[in-house]
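Taking it in order: structure first as structure tokens, then the write-up.
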Amino acid sequence: MCTLNLGILAHVDAGKTSLTERLLFDAGVIDKLGSVDTGNTQTDTLELERQRGITIRAAVVSFAIGDRTVNLIDTPGHPDFIAEVERVLGLLDAALVVVSAVEGVQAQTRVLVRALRRLGVPFVFFVNKVDRLGARFPDVVEALAAQLSIRPIAISSVVDAGTKLARVEALAVGCEPLFSTLCEALGENDQALLDDYVLAPERLTEERLGRALADQMASGLVHPVFAGAAMTGVGVSALASAIATILPERGPDPDGPVAGKIFKIERGWGGEKLCYLSLTSGTVLLRQYLDLPKGPERVTAIHVFEDGRVRGAESLRAGQIARVSGLTGARIGDAVGSDPLAGGRVHFAPPTLETRVLARRPSDKSALWLALNQLAEQDPLINLRRNEETDEVFVSLYGEVQKEVIQSTLLTDFGLEAGFEESTVILVERPVGIGTGLQILFKEPNPFLATVGLRVERRPAGAGNSFALEVDVGQMPAAFYRAVEETVFETLKQGISGWQVIDCHVAMTAARHSSPASTAADFRQLTPWVLATALSAAQTVVCEPVDRFHLEAPVESLSSVLTLLAKTAAATSDSVIADGVARLEGTMASQMVRTVQQQLPGLTSGAGTMETAFDHYAPIACPPRLRLRSGPDPFNPVEYLLRLRGSA
């Protein structure tokens with residue numbers, strides 16, 4: 001049986017969890033529909049998910065549609081939990097993007113569609129809630145094309161939209177109006193089909209058009225759009241038929257070499273690590289050793305997602321997803337065996353907020369640190385930082401909702417009461433020019449048995465940090481070069497002003513050791529000093545995160561809104577006034593977003609809305625605040641050497 005890894009993605013409250021319930025119900029997997037409002041859905045299993053009515057952790061459910069096994073992965077819609085979405089996208093054969101017929105294209109919709117297109121994941125749309133007041137299916141289809149720069153094709157039509165009597169009619173491929181729409185859309189990328197449409201339309205059978213639609217959708221050229229209401233089931237059968245027929249599938253090879261990826265980690269009742277493994281090739285048996293980046297680990301238990309449930313199993317076959325125990329050294333994103341998907345990583349925006357976490361009881365400090373490390377292990381995009389000088393713990397975040405979730409999880413899962421200070425924006429540093437640093441073996445003031453020379457230079461915005469060797473790699477043991485590289489990336493976490501250095505290239509230009517006296521520790525201790533010298537010569541500029549915003553407000557309040565944006569130094573790049581509504585787009589400093597969001601309802605009588613998403617980093621206008629440094633300061637050589645001698 002062929003398998004389909006299908007992700008279901010949406011902006012928060014678009015109805016994707018309700019749609020998941022409806023698909024499971026129609027497939028016969030569950031005999032009673034759950035509800036987000038009552039907190040009894042199949043995929044929202046965390047107590048906090050049930051309380052808040054939002055998805056926080058990605059969830060898996062497997063079922064059959066036709067002759068396909070579908071592994072449906074429900075992902076969070078709230079932007080605070082974008083890290084959960086990132087881990088899923090690389091596993092998908094296709095995606096289902098849910099859009100509200102009332103709210104239309106929203107901020108998270110844009111983020112998700114951009115990521116899907118970047119990865120080359122085929123996707124279709126389901127316009128949900130056509131029975132809600134204000135539903136506008138044709139307008140949403142137009143908005144998909146205009147705002148997402150894609151080619152949507154409406155496969156459904158809606159009658160009595162916006163009323164409880166709304167019904168959806170599936171359009172026939174061989175009949176108007178879909179026939180002409182389909183031929184024109186597909187003909188843009190298929191000259192033979194376009195020629196037949198103009199000269200011999202009788203050649204365009206439903207089978208041929210259906211095959212062309214599936215092929216072009218798999219290539220990301222067109223995107224079918226279905227309509228319906230997940231709560232009532234209207235229009236869902238046509239969507240299920242598409243899942244069973246036109247979405248691309250894979251024929252996994254259970255006899256091939258073991259290959260897969262770990263995309264989620266949980267903790268069991270006893271604190272044991274439970275790894276979610278998507279197997280793309282081969283077969284894994286109970287008590288078998290799996291090749292992981294940190295070395296082989298033995299599987300002690302397998303629970304396979306199958307027929308809407310999770311059951312214990314003796315083996316895991318290609319095409320299945322399972323919860324595996326025993327992989328104590330595994331981390332999220334680890335490739336198992338030779339995973340062909342391992343290189344397909346999506347880069348979402350980094351978290352831009354940081355908060356200090358305090359244990360309510362001083363005796364819980366150590367326990368709090370361990371608990372936060374476990375949570376960070378489950379969510380690698382959430383950085384954890386500890387200032388050893390002041391014994392303070394900081395955690396980086398995407399938003400305030402995430403802070404509440406972490407606080408609640410610490411209490412319910414670990415019994416720890418923690419307080420969170422007000423969040424502050426995380427700044428970064430970028431190199432300005434080119435700088436070099438060099439310390440030579442046996443030459444004062446270098447006390448280490450090592451020679452290290454480094455050159456730093458800036459990289460293009462968003463390129464990240466990189467390291468390269470410009471020396472003869474055969475003159476020293478490989479472990480010494482690894483020590484330098486690892487220490488470079490660690491040192492870049494605290495630049496001249498204490499903030500992480502980004503978009504920086506570091507090249508090793510000199511290397512020497514004294515055999516057999518030199519050790520990797522000499523290179524680890526010398527590298528921060530040399531790198532600090534190079535960064536000081538290059539200089540860095542402190543940058544702040546900037547968000548792109550999309551704001552809608554009644555025309556009568558436009559003047560007040562523009563005044564507010566001017567006060568926050570926002571830059572408006574586009575403005576449209578239509579139907580009594582002003583739509584503004586532009587950028588503003590991330591630290592000003594909350595100010596605008598708090599004042600907007602009062603200025604617009606509650607009718608204004610604003611969506612934001614991280615866009616880029618820009619040099620900060622005012623004098624930047626310094627970040628308190630943790631550990632020895634390599635930018636102060638005298639203090640640095642004294643601290644190292646004191647700890648020796």
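Letters for chains follow the order of the structure tokens (A, B, ...), residue numbers begin at 1 for each chain, and ligand numbers begin at 1 in the order shown.
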I'd like to know which residues of region 2-197 of chain A are strand (DSSP E) (by DSSP, run on the backbone); could you write them as a VMD selection string? chain A and resid 2 to 10 59 to 65 68 to 74 94 to 100 123 to 128 152 to 154 156 to 159 167 to 170
- request: Would you kindly return, as a ChimeraX atom specification, each protein, DNA or RNA residue with an atom no farther than 7 Å from any atom of Val425 (chain A), considering only C-alpha atoms and excluding same-chain residues fewer than 5 positions away?
  value: /A:352-354,591
inquiry  = List as number ranges by chain the protein and nucleic acid residues near Val501 (chain A), meaning an atom at most 7 Å away when only C-alpha atoms are counted, but skip any in the same chain fewer than 3 places from it.
reply    = A: 428-430, 492-495, 504
Residues near Ala240 (chain A), anyone? I mean within 12 Å using only C-alpha atoms, not counting same-chain ones fewer than 5 positions away, as a list in words.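 In the requested form, the answer reads Leu6, Leu19, Thr20, Arg22, Leu23, Leu24, Phe25, Asp26, Ala27, Phe63, Ala64, Ile65, Gly66, Arg68, Val70, Leu96, Val124, Phe126, Phe226, Ala227, Gly228, Ala230, Gly233, Val234, Gly235, Thr245, Ile246 and Leu247 of chain A.
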So that I can check the surroundings of Phe137 (chain A), please list as a VMD selection string every protein, DNA and RNA residue that reaches within 12 Å of it, counting only C-alpha atoms and ignoring chain neighbours fewer than 6 positions away. chain A and resid 99 to 105 125 to 131 143 to 144 154 to 162 166 to 168 225 to 229
Glu207 (chain A) proximity check over A:Lys443, A:Gly174, A:Ala238, A:Trp499, using only C-alpha atoms: winner is A:Gly174
For region 625-627 of chain A, find every residue with an atom within 7 Å (counting only C-alpha atoms), except residues of its own chain fewer than 2 positions away, and show them as a ChimeraX atom specification. /A:497-499,623,629
Please produce a file of the residues just selected, as an mmCIF file, in the first residue's frame, where the atoms kept are C-alpha atoms.
data_model
loop_
_atom_site.group_PDB
_atom_site.id
_atom_site.type_symbol
_atom_site.label_atom_id
_atom_site.label_comp_id
_atom_site.auth_asym_id
_atom_site.auth_seq_id
_atom_site.Cartn_x
_atom_site.Cartn_y
_atom_site.Cartn_z
ATOM 1 C CA SER A 497 28.482 44.202 23.050
ATOM 2 C CA GLY A 498 27.533 40.793 24.433
ATOM 3 C CA TRP A 499 25.000 39.905 21.710
ATOM 4 C CA PRO A 623 22.855 53.657 21.519
ATOM 5 C CA ARG A 629 28.458 38.641 29.521
#
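If you measure from each of A:Val581, A:Gln402, A:Lys164, A:Gly415 to Ala359 (chain A) using only C-alpha atoms, the closest one turns out to be A:Gly415.
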Q. Skipping near chain neighbours, those fewer than 3 positions away, what residues fall within 9 Å of Leu209 (chain A) using only C-alpha atoms, listed as a PyMOL selection string?
A. chain A and resi 173-174+179+182-183+186+193+204-206+212-214
Write out as a tab-separated table a residue-level contact list of region 506-606 of chain A versus region 473-478 of chain A with cut-off 10 Å: for each qualifying residue the closest pair of atoms and the distance in Å to one decimal, counting only C-alpha atoms, rows sorted by chain and residue number upward.
residue	atom	partner	partner_atom	distance
A:Ala511	CA	A:Met476	CA	7.8
A:Arg512	CA	A:Met476	CA	7.0
A:His513	CA	A:Met476	CA	6.8
A:Ser514	CA	A:Met476	CA	9.3
A:Ser515	CA	A:Met476	CA	9.1
A:Thr519	CA	A:Pro477	CA	9.8
A:Ala520	CA	A:Pro477	CA	9.3
Distance CA of Gln147 (chain A)-CA of Pro554 (chain A), one decimal place?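 Interatomic distance here is 20.5 Å.
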*asked:* Quick check for you: according to DSSP on this backbone, which residues of region 64-196 of chain A are classed as alpha helix (DSSP H)? Reply as a VMD selection string.
replied: chain A and resid 82 to 89 107 to 119 137 to 148 178 to 187 191 to 196
Contacts between region 445-453 of chain A and region 458-511 of chain A, please, where a residue of region 458-511 of chain A counts if it comes within 6 Å (with only C-alpha atoms); show its shortest atom pair and distance in Å to one decimal, rows by chain and ascending number, as CSV.
residue,atom,partner,partner_atom,distance
A:Met508,CA,A:Gly453,CA,5.7
A:Thr509,CA,A:Gly453,CA,5.0
A:Ala510,CA,A:Gly453,CA,4.3
A:Ala511,CA,A:Thr451,CA,5.0
For the selection just defined, write its residues with C-alpha atoms to a file, as a tab-separated table (two decimals), in the first residue's frame.
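That gives us again29.tsv:
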chain	number	residue	atom	x	y	z
A	508	MET	CA	41.55	29.88	10.13
A	509	THR	CA	44.70	31.37	8.60
A	510	ALA	CA	47.43	30.00	10.86
A	511	ALA	CA	47.84	26.79	12.84
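Nearest to Thr436 (chain A) of all the residues A:Leu165, A:Ile265, A:Val98, A:Val530 is A:Val530, based on only C-alpha atoms.
Between Ser278 (chain A) and the candidates A:Thr533, A:Ser149, A:Asn71, A:Ser237, the tightest atom-to-atom separation, counting only C-alpha atoms, involves A:Asn71.
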Å distance separating CA of Arg356 (chain A) from CA of Phe394 (chain A), one decimal place
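Value for the CA of Arg356 (chain A)-CA of Phe394 (chain A) distance: 4.4 Å.
Proximity ranking of A:Ile426, A:Val546, A:Ile434, A:Val97 relative to Val456 (chain A) places A:Ile434 first, based on only C-alpha atoms.
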Quiz item: With distances taken over only C-alpha atoms, which of A:Ile577, A:Leu558, A:Ile496, A:Leu370 is nearest to Pro634 (chain A)?
Solution: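 Nearest candidate to Pro634 (chain A) out of A:Ile577, A:Leu558, A:Ile496, A:Leu370: A:Ile496.
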Could you tell me how far CA of Val60 (chain A) sits from CA of Ile262 (chain A), in Å to one decimal place?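 For CA of Ile262 (chain A) relative to CA of Val60 (chain A), the distance reads 13.1 Å.
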